[in-house]
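**Student:** Hey, dropping target_24.txt in here, compact mmCIF, C-alpha atoms and all ligand atoms:
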```
# COMPACT_ATOMS: atom_id res chain seq x y z
CA MET A 458 -3.68 25.50 26.14
CA SER A 459 -4.72 21.89 26.62
CA LEU A 460 -2.32 19.83 28.72
CA ALA A 461 -2.46 17.25 25.99
CA ALA A 462 -1.19 19.36 23.07
CA SER A 463 1.48 17.46 21.12
CA ARG A 464 4.96 18.98 20.86
CA ASN A 465 8.14 17.78 19.21
CA ASN A 466 10.62 20.36 20.47
CA TRP A 467 11.34 19.10 23.98
CA ALA A 468 14.61 20.30 25.50
CA ILE A 469 16.40 17.79 27.68
CA ASP A 470 16.23 20.09 30.71
CA GLU A 471 12.44 20.21 30.43
CA ILE A 472 12.32 16.43 30.43
CA THR A 473 14.67 15.99 33.38
CA ALA A 474 12.60 18.60 35.25
CA LEU A 475 9.52 16.42 34.67
CA PHE A 476 11.35 13.39 36.08
CA SER A 477 12.52 15.35 39.14
CA GLN A 478 9.06 16.36 40.32
CA PRO A 479 7.69 14.78 43.47
CA PHE A 480 6.41 11.33 42.45
CA MET A 481 2.73 12.06 43.15
CA GLU A 482 2.78 15.28 41.15
CA LEU A 483 4.41 13.59 38.17
CA VAL A 484 1.85 10.76 38.23
CA HIS A 485 -1.02 13.23 38.69
CA GLN A 486 0.10 15.26 35.67
CA ALA A 487 0.44 12.12 33.56
CA ARG A 488 -2.96 10.86 34.72
CA SER A 489 -4.66 14.15 33.84
CA ILE A 490 -3.26 14.00 30.30
CA HIS A 491 -4.14 10.33 30.02
CA CYS A 492 -7.79 11.02 30.98
CA GLU A 493 -7.96 13.88 28.47
CA CYS A 494 -6.78 11.70 25.59
CA PHE A 495 -8.06 8.19 26.34
CA ASP A 496 -10.67 6.27 28.25
CA PRO A 497 -8.40 5.59 31.25
CA ASN A 498 -10.03 2.20 31.91
CA GLU A 499 -9.24 0.77 28.48
CA ILE A 500 -6.14 -1.14 27.53
CA GLN A 501 -5.02 -2.30 24.11
CA ILE A 502 -4.13 -5.99 23.95
CA SER A 503 -1.42 -7.41 21.68
CA THR A 504 -0.07 -10.94 21.47
CA LEU A 505 3.48 -11.75 20.44
CA LEU A 506 4.85 -14.64 18.44
CA SER A 507 8.48 -15.37 17.63
CA ILE A 508 8.38 -16.43 13.98
CA LYS A 509 12.15 -17.00 13.75
CA THR A 510 14.11 -17.62 16.92
CA GLY A 511 17.75 -17.29 17.96
CA ALA A 512 21.11 -17.27 16.12
CA CYS A 513 20.84 -13.52 15.53
CA PRO A 514 24.03 -11.89 14.18
CA GLU A 515 23.51 -8.74 16.32
CA ASP A 516 25.22 -8.40 19.70
CA CYS A 517 22.47 -6.70 21.78
CA GLN A 518 23.76 -7.41 25.29
CA TYR A 519 20.32 -7.96 26.80
CA CYS A 520 19.05 -10.47 24.28
CA SER A 521 18.52 -14.21 24.66
CA GLN A 522 18.55 -14.56 20.87
CA SER A 523 21.93 -13.07 20.04
CA GLY A 524 24.29 -15.62 18.49
CA HIS A 525 27.14 -13.91 20.36
CA TYR A 526 26.12 -15.35 23.75
CA HIS A 527 25.35 -18.79 25.19
CA THR A 528 21.77 -18.83 26.41
CA ASP A 529 19.10 -21.53 26.82
CA VAL A 530 17.19 -20.44 23.72
CA GLN A 531 16.56 -23.13 21.10
CA THR A 532 17.00 -21.75 17.60
CA GLU A 533 14.08 -22.20 15.24
CA LYS A 534 13.86 -21.37 11.55
CA LEU A 535 11.02 -19.32 10.06
CA LEU A 536 7.66 -20.77 11.12
CA SER A 537 5.28 -22.10 8.48
CA LEU A 538 2.16 -20.15 7.53
CA ASP A 539 0.04 -22.89 9.15
CA GLU A 540 1.81 -22.48 12.50
CA VAL A 541 1.37 -18.70 12.37
CA ARG A 542 -2.32 -19.08 11.47
CA THR A 543 -2.90 -21.44 14.41
CA GLN A 544 -1.20 -19.09 16.89
CA ALA A 545 -3.03 -16.06 15.51
CA ALA A 546 -6.40 -17.85 15.87
CA GLU A 547 -5.56 -18.58 19.51
CA ALA A 548 -4.60 -14.94 20.12
CA LEU A 549 -7.83 -13.73 18.51
CA ASN A 550 -9.88 -16.14 20.58
CA SER A 551 -8.18 -14.93 23.75
CA GLY A 552 -9.16 -11.34 23.03
CA ALA A 553 -6.04 -9.85 21.40
CA THR A 554 -6.66 -7.22 18.74
CA ARG A 555 -3.10 -7.04 17.40
CA PHE A 556 -0.74 -9.86 16.50
CA CYS A 557 2.95 -8.99 16.64
CA MET A 558 5.39 -11.26 14.82
CA GLY A 559 9.07 -10.97 15.75
CA ALA A 560 12.15 -12.40 14.05
CA ALA A 561 15.74 -12.61 15.29
CA TRP A 562 17.29 -11.03 12.23
CA ARG A 563 19.58 -8.08 11.59
CA SER A 564 17.26 -7.51 8.63
CA PRO A 565 14.93 -9.88 6.78
CA PRO A 566 16.60 -12.01 4.08
CA LYS A 567 15.21 -11.52 0.58
CA SER A 568 14.19 -15.18 0.42
CA ALA A 569 11.84 -14.72 3.43
CA MET A 570 9.84 -11.82 1.97
CA PRO A 571 7.15 -13.89 0.16
CA ALA A 572 6.48 -15.90 3.35
CA LEU A 573 6.29 -12.72 5.46
CA ILE A 574 3.83 -11.19 3.01
CA ASP A 575 1.63 -14.31 3.20
CA MET A 576 1.70 -14.12 7.01
CA ILE A 577 0.56 -10.48 7.01
CA LYS A 578 -2.28 -11.17 4.56
CA THR A 579 -3.43 -14.26 6.45
CA VAL A 580 -3.37 -12.70 9.94
CA LYS A 581 -5.08 -9.55 8.71
CA GLY A 582 -7.69 -11.64 6.93
CA MET A 583 -8.54 -13.22 10.28
CA GLY A 584 -9.53 -9.83 11.70
CA LEU A 585 -6.37 -8.96 13.65
CA GLU A 586 -4.20 -5.89 13.32
CA THR A 587 -0.70 -6.90 12.22
CA CYS A 588 2.67 -5.84 13.60
CA MET A 589 6.12 -7.11 12.65
CA THR A 590 9.57 -6.61 14.10
CA LEU A 591 12.21 -8.00 11.76
CA GLY A 592 15.25 -5.74 12.26
CA MET A 593 16.47 -3.11 9.80
CA LEU A 594 14.53 -2.59 6.55
CA ASN A 595 15.50 -1.07 3.21
CA GLU A 596 13.01 0.93 1.16
CA GLU A 597 11.98 -1.96 -1.05
CA GLN A 598 11.29 -4.25 1.91
CA THR A 599 9.34 -1.53 3.72
CA GLN A 600 7.17 -0.93 0.67
CA ALA A 601 6.56 -4.66 0.24
CA LEU A 602 5.36 -4.95 3.85
CA LYS A 603 3.14 -1.89 3.43
CA ASN A 604 1.66 -3.29 0.20
CA ALA A 605 0.88 -6.55 2.02
CA GLY A 606 -1.19 -4.51 4.50
CA LEU A 607 1.13 -4.38 7.54
CA ASP A 608 -0.38 -2.03 10.15
CA TYR A 609 2.55 -1.52 12.58
CA TYR A 610 6.32 -2.00 12.50
CA ASN A 611 8.17 -2.33 15.81
CA HIS A 612 11.76 -1.11 15.89
CA ASN A 613 13.09 0.11 19.22
CA LEU A 614 15.75 2.73 19.93
CA ASP A 615 16.30 0.88 23.23
CA THR A 616 18.20 3.65 25.09
CA SER A 617 19.85 7.07 24.67
CA PRO A 618 22.18 7.72 21.72
CA GLU A 619 25.03 8.10 24.24
CA TYR A 620 24.47 4.80 26.09
CA TYR A 621 23.56 2.77 22.98
CA PRO A 622 27.16 1.85 21.98
CA GLN A 623 27.68 0.32 25.44
CA VAL A 624 24.84 -2.11 24.70
CA ILE A 625 25.01 -2.81 20.94
CA THR A 626 28.00 -2.48 18.63
CA THR A 627 26.88 -4.27 15.46
CA ARG A 628 24.59 -1.45 14.28
CA THR A 629 24.32 2.24 15.02
CA TYR A 630 21.61 4.45 16.46
CA GLN A 631 21.44 6.17 13.08
CA ASP A 632 20.73 2.78 11.41
CA ARG A 633 17.72 2.44 13.71
CA LEU A 634 16.51 5.99 12.99
CA ASP A 635 16.87 5.41 9.24
CA THR A 636 14.63 2.33 9.35
CA LEU A 637 12.08 4.24 11.42
CA THR A 638 12.01 7.04 8.84
CA ARG A 639 11.44 4.51 6.04
CA VAL A 640 8.58 2.90 7.99
CA ARG A 641 6.93 6.28 8.66
CA THR A 642 7.39 7.44 5.06
CA ALA A 643 5.82 4.25 3.72
CA GLY A 644 2.71 4.94 5.83
CA ILE A 645 3.11 2.06 8.29
CA LYS A 646 2.31 2.94 11.92
CA VAL A 647 5.40 3.18 14.11
CA CYS A 648 5.90 1.14 17.29
CA CYS A 649 9.09 2.37 18.91
CA GLY A 650 10.33 2.43 22.49
CA GLY A 651 13.13 1.04 24.59
CA ILE A 652 14.36 -0.99 27.54
CA LEU A 653 14.89 0.30 31.06
CA GLY A 654 17.25 -1.27 33.57
CA LEU A 655 20.20 -1.77 31.23
CA GLY A 656 22.44 0.08 33.72
CA GLU A 657 21.61 3.45 32.13
CA THR A 658 21.19 6.69 34.09
CA ARG A 659 18.05 8.83 34.44
CA GLN A 660 19.63 11.21 31.92
CA ASP A 661 19.77 8.31 29.43
CA ARG A 662 16.10 7.50 30.06
CA ALA A 663 15.21 11.17 29.52
CA LYS A 664 17.27 11.25 26.32
CA LEU A 665 15.55 8.13 24.98
CA LEU A 666 12.17 9.79 25.55
CA GLN A 667 13.46 13.00 23.96
CA GLN A 668 14.35 11.05 20.80
CA LEU A 669 10.86 9.55 20.65
CA ALA A 670 8.95 12.72 21.54
CA ASN A 671 10.87 14.91 19.09
CA MET A 672 10.20 12.71 16.06
CA PRO A 673 8.20 14.69 13.47
CA GLU A 674 5.25 12.41 14.34
CA HIS A 675 5.10 10.56 17.65
CA PRO A 676 5.17 6.76 17.39
CA GLU A 677 1.59 5.47 17.63
CA SER A 678 2.86 2.81 20.02
CA VAL A 679 5.65 3.22 22.59
CA PRO A 680 6.72 -0.03 24.25
CA ILE A 681 8.53 0.45 27.54
CA ASN A 682 10.34 -2.79 28.37
CA LEU A 683 11.91 -3.58 31.72
CA LEU A 684 15.02 -5.68 31.24
CA VAL A 685 14.31 -9.39 31.58
CA SER A 686 17.63 -10.72 32.85
CA ILE A 687 18.78 -13.56 30.65
CA GLU A 688 21.39 -16.01 31.88
CA GLY A 689 24.40 -16.08 29.59
CA THR A 690 24.07 -12.48 28.37
CA PRO A 691 26.49 -9.72 29.42
CA LEU A 692 23.62 -7.89 31.22
CA GLU A 693 22.61 -10.98 33.19
CA SER A 694 23.59 -9.49 36.58
CA THR A 695 22.61 -5.87 36.01
CA GLU A 696 21.14 -4.25 39.10
CA THR A 697 17.32 -4.16 39.03
CA LEU A 698 15.87 -0.73 38.29
CA ASP A 699 13.98 0.92 41.15
CA SER A 700 10.23 0.45 40.55
CA PHE A 701 9.36 4.10 41.16
CA GLU A 702 11.93 5.15 38.57
CA PHE A 703 10.24 2.77 36.12
CA VAL A 704 6.84 4.35 36.85
CA ARG A 705 8.35 7.83 36.53
CA THR A 706 9.55 6.94 33.03
CA ILE A 707 6.07 5.69 32.04
CA ALA A 708 4.55 8.91 33.38
CA ALA A 709 7.08 11.05 31.49
CA ALA A 710 6.36 9.10 28.28
CA ARG A 711 2.62 9.76 28.73
CA ILE A 712 3.21 13.51 29.24
CA LEU A 713 5.62 13.83 26.29
CA MET A 714 3.52 11.74 23.88
CA PRO A 715 -0.08 12.36 25.02
CA HIS A 716 -1.82 10.53 22.17
CA SER A 717 0.48 7.51 21.86
CA ARG A 718 -0.30 4.11 23.27
CA VAL A 719 2.33 3.51 25.96
CA ARG A 720 2.86 -0.23 26.32
CA LEU A 721 3.83 -1.83 29.60
CA SER A 722 5.92 -4.34 27.70
CA ALA A 723 8.54 -6.98 28.70
CA GLY A 724 9.18 -7.50 32.40
CA ARG A 725 5.57 -7.68 33.65
CA ASP A 726 6.10 -11.24 34.83
CA ASN A 727 8.42 -9.92 37.53
CA MET A 728 6.07 -7.11 38.59
CA SER A 729 3.49 -7.20 41.38
CA GLU A 730 -0.15 -6.43 40.58
CA GLU A 731 0.29 -3.19 42.51
CA LEU A 732 3.25 -2.06 40.40
CA GLN A 733 1.35 -2.82 37.20
CA ALA A 734 -1.64 -0.85 38.52
CA LEU A 735 0.67 2.08 39.23
CA CYS A 736 1.99 1.88 35.66
CA PHE A 737 -1.60 1.99 34.32
CA LEU A 738 -2.33 4.92 36.62
CA ALA A 739 0.74 6.72 35.24
CA GLY A 740 -0.50 6.31 31.66
CA ALA A 741 0.41 2.85 30.35
CA ASN A 742 -2.51 1.64 28.22
CA SER A 743 -1.32 -1.34 26.26
CA ILE A 744 0.11 -4.76 27.16
CA PHE A 745 1.32 -8.01 25.67
CA TYR A 746 -1.14 -10.72 26.63
CA GLY A 747 -0.35 -14.45 26.62
CA GLU A 748 2.10 -16.63 28.55
CA LYS A 749 5.09 -15.98 26.29
CA LEU A 750 6.77 -12.89 24.87
CA LEU A 751 9.32 -13.91 22.23
CA THR A 752 11.40 -16.27 24.36
CA ALA A 753 10.73 -14.99 27.90
CA THR A 754 7.69 -15.56 30.08
CA ASN A 755 4.78 -13.16 30.46
CA PRO A 756 2.04 -13.38 33.13
CA GLN A 757 -0.46 -16.23 32.83
CA ALA A 758 -3.57 -15.15 30.90
CA GLU A 759 -5.72 -16.04 33.90
CA ALA A 760 -3.64 -13.73 36.12
CA ASP A 761 -4.13 -10.86 33.67
CA ARG A 762 -7.88 -11.45 33.48
CA THR A 763 -8.06 -11.40 37.27
CA LEU A 764 -6.01 -8.21 37.45
CA PHE A 765 -8.17 -6.50 34.82
CA GLN A 766 -11.27 -7.52 36.74
CA LYS A 767 -9.90 -6.23 40.03
CA LEU A 768 -9.04 -2.89 38.41
CA GLY A 769 -12.19 -2.56 36.29
CA ILE A 770 -10.12 -2.40 33.12
CA LYS A 771 -11.59 -3.23 29.69
CA ALA A 772 -9.83 -4.43 26.58
CA GLU A 773 -10.00 -2.00 23.67
CA ALA A 774 -11.10 -3.15 20.22
CA ALA A 775 -8.88 -2.49 17.22
CA HIS A 776 -9.39 1.00 15.72
CA SER A 777 -8.85 -0.13 12.18
CA LEU A 778 -11.19 -3.06 12.61
CA THR A 779 -14.39 -1.33 13.68
CA GLY A 780 -17.22 -3.48 12.43
CA THR A 781 -15.02 -6.54 11.99
CA LYS A 782 -16.64 -9.62 13.36
CA LEU A 783 -14.51 -11.07 16.14
CA THR A 784 -14.91 -14.79 16.66
CA GLY A 785 -14.60 -14.78 20.43
CA THR A 786 -17.55 -15.58 22.63
CA LYS A 787 -18.11 -14.85 26.27
CA ALA A 788 -17.31 -18.46 27.06
CA ASP A 789 -13.95 -18.76 25.40
CA THR A 790 -12.34 -15.34 25.66
CA GLY A 791 -11.09 -13.63 28.71
CA PHE A 792 -11.56 -10.10 27.51
CA THR A 793 -13.97 -9.65 24.67
CA SER A 794 -17.59 -10.10 23.94
CA ASN A 795 -19.18 -8.69 20.80
CA LYS A 796 -22.40 -8.23 22.69
CA ASN A 797 -20.77 -5.82 25.03
CA LYS A 798 -19.05 -3.74 22.37
CA HIS A 799 -19.71 -0.04 22.83
CA THR A 800 -18.17 3.32 22.09
CA ASN A 801 -16.52 5.44 24.76
CA ALA A 802 -16.35 9.20 25.19
CA ASN A 803 -13.47 9.40 22.72
CA ASN A 804 -15.48 7.48 20.12
CA ILE A 805 -13.18 4.49 20.35
CA PRO A 806 -14.91 1.12 20.24
CA CYS A 807 -14.20 -1.07 23.24
CA HIS A 808 -15.21 -4.34 24.86
CA THR A 809 -16.30 -5.01 28.37
CA LEU A 810 -14.13 -7.37 30.37
CA THR A 811 -16.08 -10.55 30.88
N1 LIG B 901 15.47 -8.46 15.98
C1 LIG B 901 14.55 -7.40 15.92
C2 LIG B 901 15.08 -6.13 16.52
O1 LIG B 901 15.94 -6.18 17.37
O2 LIG B 901 14.60 -5.06 16.11
C3 LIG B 901 13.20 -7.73 16.55
C4 LIG B 901 13.11 -8.50 17.83
S1 LIG B 901 13.82 -7.76 19.26
C5 LIG B 901 13.78 -9.10 20.39
C6 LIG B 901 12.61 -6.60 19.81
C7 LIG B 901 12.89 -5.80 21.05
O3 LIG B 901 12.68 -6.59 22.21
C8 LIG B 901 14.28 -5.25 21.25
O4 LIG B 901 14.51 -4.11 20.50
C9 LIG B 901 14.28 -4.94 22.74
O5 LIG B 901 13.82 -3.62 22.97
C10 LIG B 901 13.28 -5.95 23.31
N2 LIG B 901 13.98 -6.97 24.12
C11 LIG B 901 14.76 -7.95 23.67
N3 LIG B 901 15.26 -8.69 24.68
C12 LIG B 901 14.80 -8.13 25.83
C13 LIG B 901 14.99 -8.41 27.21
N4 LIG B 901 15.76 -9.41 27.62
N5 LIG B 901 14.36 -7.64 28.11
C14 LIG B 901 13.57 -6.63 27.70
N6 LIG B 901 13.37 -6.30 26.41
C15 LIG B 901 13.98 -7.04 25.47
C1 LIG B 902 9.04 -4.80 22.36
O1 LIG B 902 9.33 -3.61 22.60
N1 LIG B 902 9.06 -5.78 23.24
C2 LIG B 902 8.72 -7.04 22.63
C3 LIG B 902 8.36 -6.61 21.19
N2 LIG B 902 8.67 -5.23 21.17
C4 LIG B 902 8.87 -7.36 20.06
C5 LIG B 902 9.77 -8.04 22.79
C6 LIG B 902 10.12 -8.31 24.22
C7 LIG B 902 11.14 -9.38 24.27
C8 LIG B 902 11.40 -9.82 25.66
C9 LIG B 902 12.43 -10.86 25.76
C10 LIG B 902 12.11 -12.16 25.09
O2 LIG B 902 10.95 -12.60 25.01
O3 LIG B 902 13.06 -12.80 24.63
FE1 LIG B 903 18.83 -9.81 17.37
FE2 LIG B 903 16.76 -8.24 17.95
FE3 LIG B 903 17.91 -9.78 19.85
FE4 LIG B 903 19.23 -7.68 18.92
S1 LIG B 903 17.28 -7.63 20.02
S2 LIG B 903 20.06 -9.74 19.22
S3 LIG B 903 18.59 -7.67 16.78
S4 LIG B 903 16.82 -10.50 18.06
```
Would you write out, as structure tokens, the structure that this file holds?
Ligand code: SAM
Ligand code: DTB
Ligand code: SF4
**Tutor:**
Amino acid sequence: MSLAASRNNWAIDEITALFSQPFMELVHQARSIHCECFDPNEIQISTLLSIKTGACPEDCQYCSQSGHYHTDVQTEKLLSLDEVRTQAAEALNSGATRFCMGAAWRSPPKSAMPALIDMIKTVKGMGLETCMTLGMLNEEQTQALKNAGLDYYNHNLDTSPEYYPQVITTRTYQDRLDTLTRVRTAGIKVCCGGILGLGETRQDRAKLLQQLANMPEHPESVPINLLVSIEGTPLESTETLDSFEFVRTIAAARILMPHSRVRLSAGRDNMSEELQALCFLAGANSIFYGEKLLTATNPQAEADRTLFQKLGIKAEAAHSLTGTKLTGTKADTGFTSNKNKHTNANNIPCHTLT
């Protein structure tokens, strides 16, 4: 049987056994699966934009945008379509293939739906894949986003079902699962992962991955965030997670969900180049690119281009956009060049890092 066969019946003991292997063996196993399923030198590039910032009614203890805590974040109402278009053009020019729009809502208000639909249509029309993360959705909202052409919906489980109530009390794990089911049923691709370093145990990390890997269909995208400590939040002084434990979790995610994109997500700004390289070696093959996440910092674009060059990593083109004309030129993008577009062994179009 291929190492990379997908399963969705993982027992927790099997997952903790993966974690407990000697580090090199775990990374080697993950790497072998990664090479079977993907071009290991290609990374998918997304850019994030906060389209509505702060004053969120939820009490997520890690978050700069929760209205329950006093943080430095300036609240901002829903951005105009023009502002979104401008930011999306910049992301496209920089070499991103997916544009992810995030809002600090428990769930999107009815009055915002027409504007959200316009944003999806506009960004998609520019040749970018679209992703939104807007909180919980009902069926009608999910269908409206699907009809507008939304490619991905991001909605994280964050941690294990057991640890979750220590971190968030204003909504339940089941609420999150219900939204994810609606997204999947509507035919929108699922982006779902979590945060490490919240003070959870290895068992919690294994149980988070078990939830993701045992979904009837694996999420197409699995963001693994490392807590960005935010002053003013209850988790501000949480002890930093050991880096090898972070890499172990990436490797386990790669083994459990062989065909998913595993995104090395928030927290990269506090990681060395070497730690990021180890994460890519362990199976991470997607990043957020651009100086800002939603409210927190991300590495400078120049630093990412340098790192990619040092590692011989290329940026992958969007699957659903094969044949789409990208506007970037060698001179103004860090990652992409139409000239250099080719197809790899897995038949996935990609660009050469320039
Ligand atoms: N409000 C929506 C929601 O919670 O689904 C969308 C935006 S929310 C900021 C998206 C995700 O970002 C969260 O689920 C969490 O996993 C991640 N996140 C938020 N703050 C973070 C932090 N300080 N460090 C790491 N990840 C964080
Ligand atoms: C995800 O898993 N991480 C992104 C995205 N999905 C929306 C958000 C990271 C937020 C980091 C903290 C901040 O920027 O405020
Ligand atoms: Fe609100 Fe999302 Fe932050 Fe939670 S993570 S407080 S839901 S913006």
**Student:** Can you pull out the residues contacting A:Lys664? Cut-off 7 Å, using only C-alpha atoms, and skip same-chain residues under 4 positions away; I want them as a list in words.
**Tutor:**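 Residues near the query, excluding close chain neighbours: Ile469, Ser617, Gln660 and Gln668 of chain A.
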**Student:** Calculated over all atoms listed in the file, which of the candidates A:Glu540, A:Glu533, A:Glu688, A:Asp699 has the smallest distance to A:Gly656?
**Tutor:** A:Asp699
**Student:** Show me which residues are within 9 Å of ligand LIG 901 (chain B) counting all atoms listed in the file, and format the list as an NGL selection string.
**Tutor:** :A and (507 or 513 or 515 or 517-523 or 558-564 or 589-593 or 611-616 or 633 or 649-655 or 680-687 or 690 or 692-693 or 722-724 or 751-753)
**Student:** Using only the atoms of ligand LIG 902 (chain B) listed in the file, plus 5 Å on each side, state the axis-aligned box centre and edge lengths in Å rounded to one decimal, as AutoDock Vina command-line options.
**Tutor:**
```
--center_x 10.7 --center_y -8.2 --center_z 22.9 --size_x 14.7 --size_y 19.2 --size_z 15.7
```
**Student:** Restricting the calculation to all atoms listed in the file: of A:Tyr746, A:Ala741, A:Leu732, A:Arg705, which residue gets closest to A:Pro479?
**Tutor:** A:Arg705
**Student:** Measure the distance from atom CA of A:Val624 to atom CA of A:His525 in Å and round it to one decimal.
**Tutor:**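 Going from atom CA of A:Val624 over to atom CA of A:His525 covers 12.8 Å.
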**Student:** Rounded to one decimal in Å, what is the spacing between atom CA of A:Asp496 and atom CA of A:Leu738?
**Tutor:**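 Separating atom CA of A:Asp496 from atom CA of A:Leu738 is a distance of 11.9 Å.
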**Student:** Using only C-alpha atoms and all ligand atoms, which residue out of A:Leu669, A:Leu768, A:Ala474, A:Leu506 lies closest to ligand LIG 902 (chain B)?
**Tutor:**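 Going through A:Leu669, A:Leu768, A:Ala474, A:Leu506 one by one, the smallest distance to ligand LIG 902 (chain B) is for A:Leu506.
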**Student:** Could you tell me, as JSON, numbers by chain, which residues have any atom at most 12 Å from (-8.1, -8.6, 35.7), counting all atoms listed in the file?
**Tutor:** {"A": [498, 499, 500, 730, 733, 734, 746, 756, 757, 758, 759, 760, 761, 762, 763, 764, 765, 766, 767, 768, 769, 770, 771, 772, 791, 792, 809, 810, 811]}
**Student:** Select, counting all atoms listed in the file, all protein, DNA and RNA residues no farther than 12 Å from (9.4, 2.7, 8.4) in file coordinates, and express the selection as an MDAnalysis selection string.
**Tutor:** chainID A and resid 589:603 607:613 632:649 676
**Student:** Which residue is closest to ligand LIG 902 (chain B)? Choose from A:Glu657, A:Glu696, A:Glu702, A:Asp529 and count only C-alpha atoms and all ligand atoms.
**Tutor:**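 Checking each of A:Glu657, A:Glu696, A:Glu702, A:Asp529 against ligand LIG 902 (chain B), counting only C-alpha atoms and all ligand atoms, the winner is A:Asp529.
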**Student:** What does the distance between atom CA of A:Arg464 and atom CA of A:Ile712 come to in Å, to one decimal place?
**Tutor:** 10.2 Å
**Student:** Considering only C-alpha atoms, can you say which of A:Ile707, A:Thr754, A:Gly740, A:Pro691 comes closest to A:Asp516?
**Tutor:**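 The shortest atom-to-atom distance to A:Asp516 comes from A:Pro691.
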**Student:** I'd like the contact shell of A:Phe556 - 9 Å cut-off, all atoms listed in the file, skipping same-chain residues fewer than 5 positions apart - returned as a ChimeraX atom specification.
**Tutor:** /A:503-506,545,548-549,580-581,585-589
**Student:** Using all atoms listed in the file, find the one residue out of A:Thr627, A:Thr695, A:Asn755, A:Ser743 that sits nearest to ligand LIG 902 (chain B).
**Tutor:**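 Of A:Thr627, A:Thr695, A:Asn755, A:Ser743, the one nearest ligand LIG 902 (chain B), counting all atoms listed in the file, is A:Asn755.
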**Student:** Please identify all polymer residues within 6 Å of A:Gly524, counting only C-alpha atoms, omitting same-chain residues fewer than 2 positions from it, and present them as a PyMOL selection string.
**Tutor:** chain A and resi 512-514+526
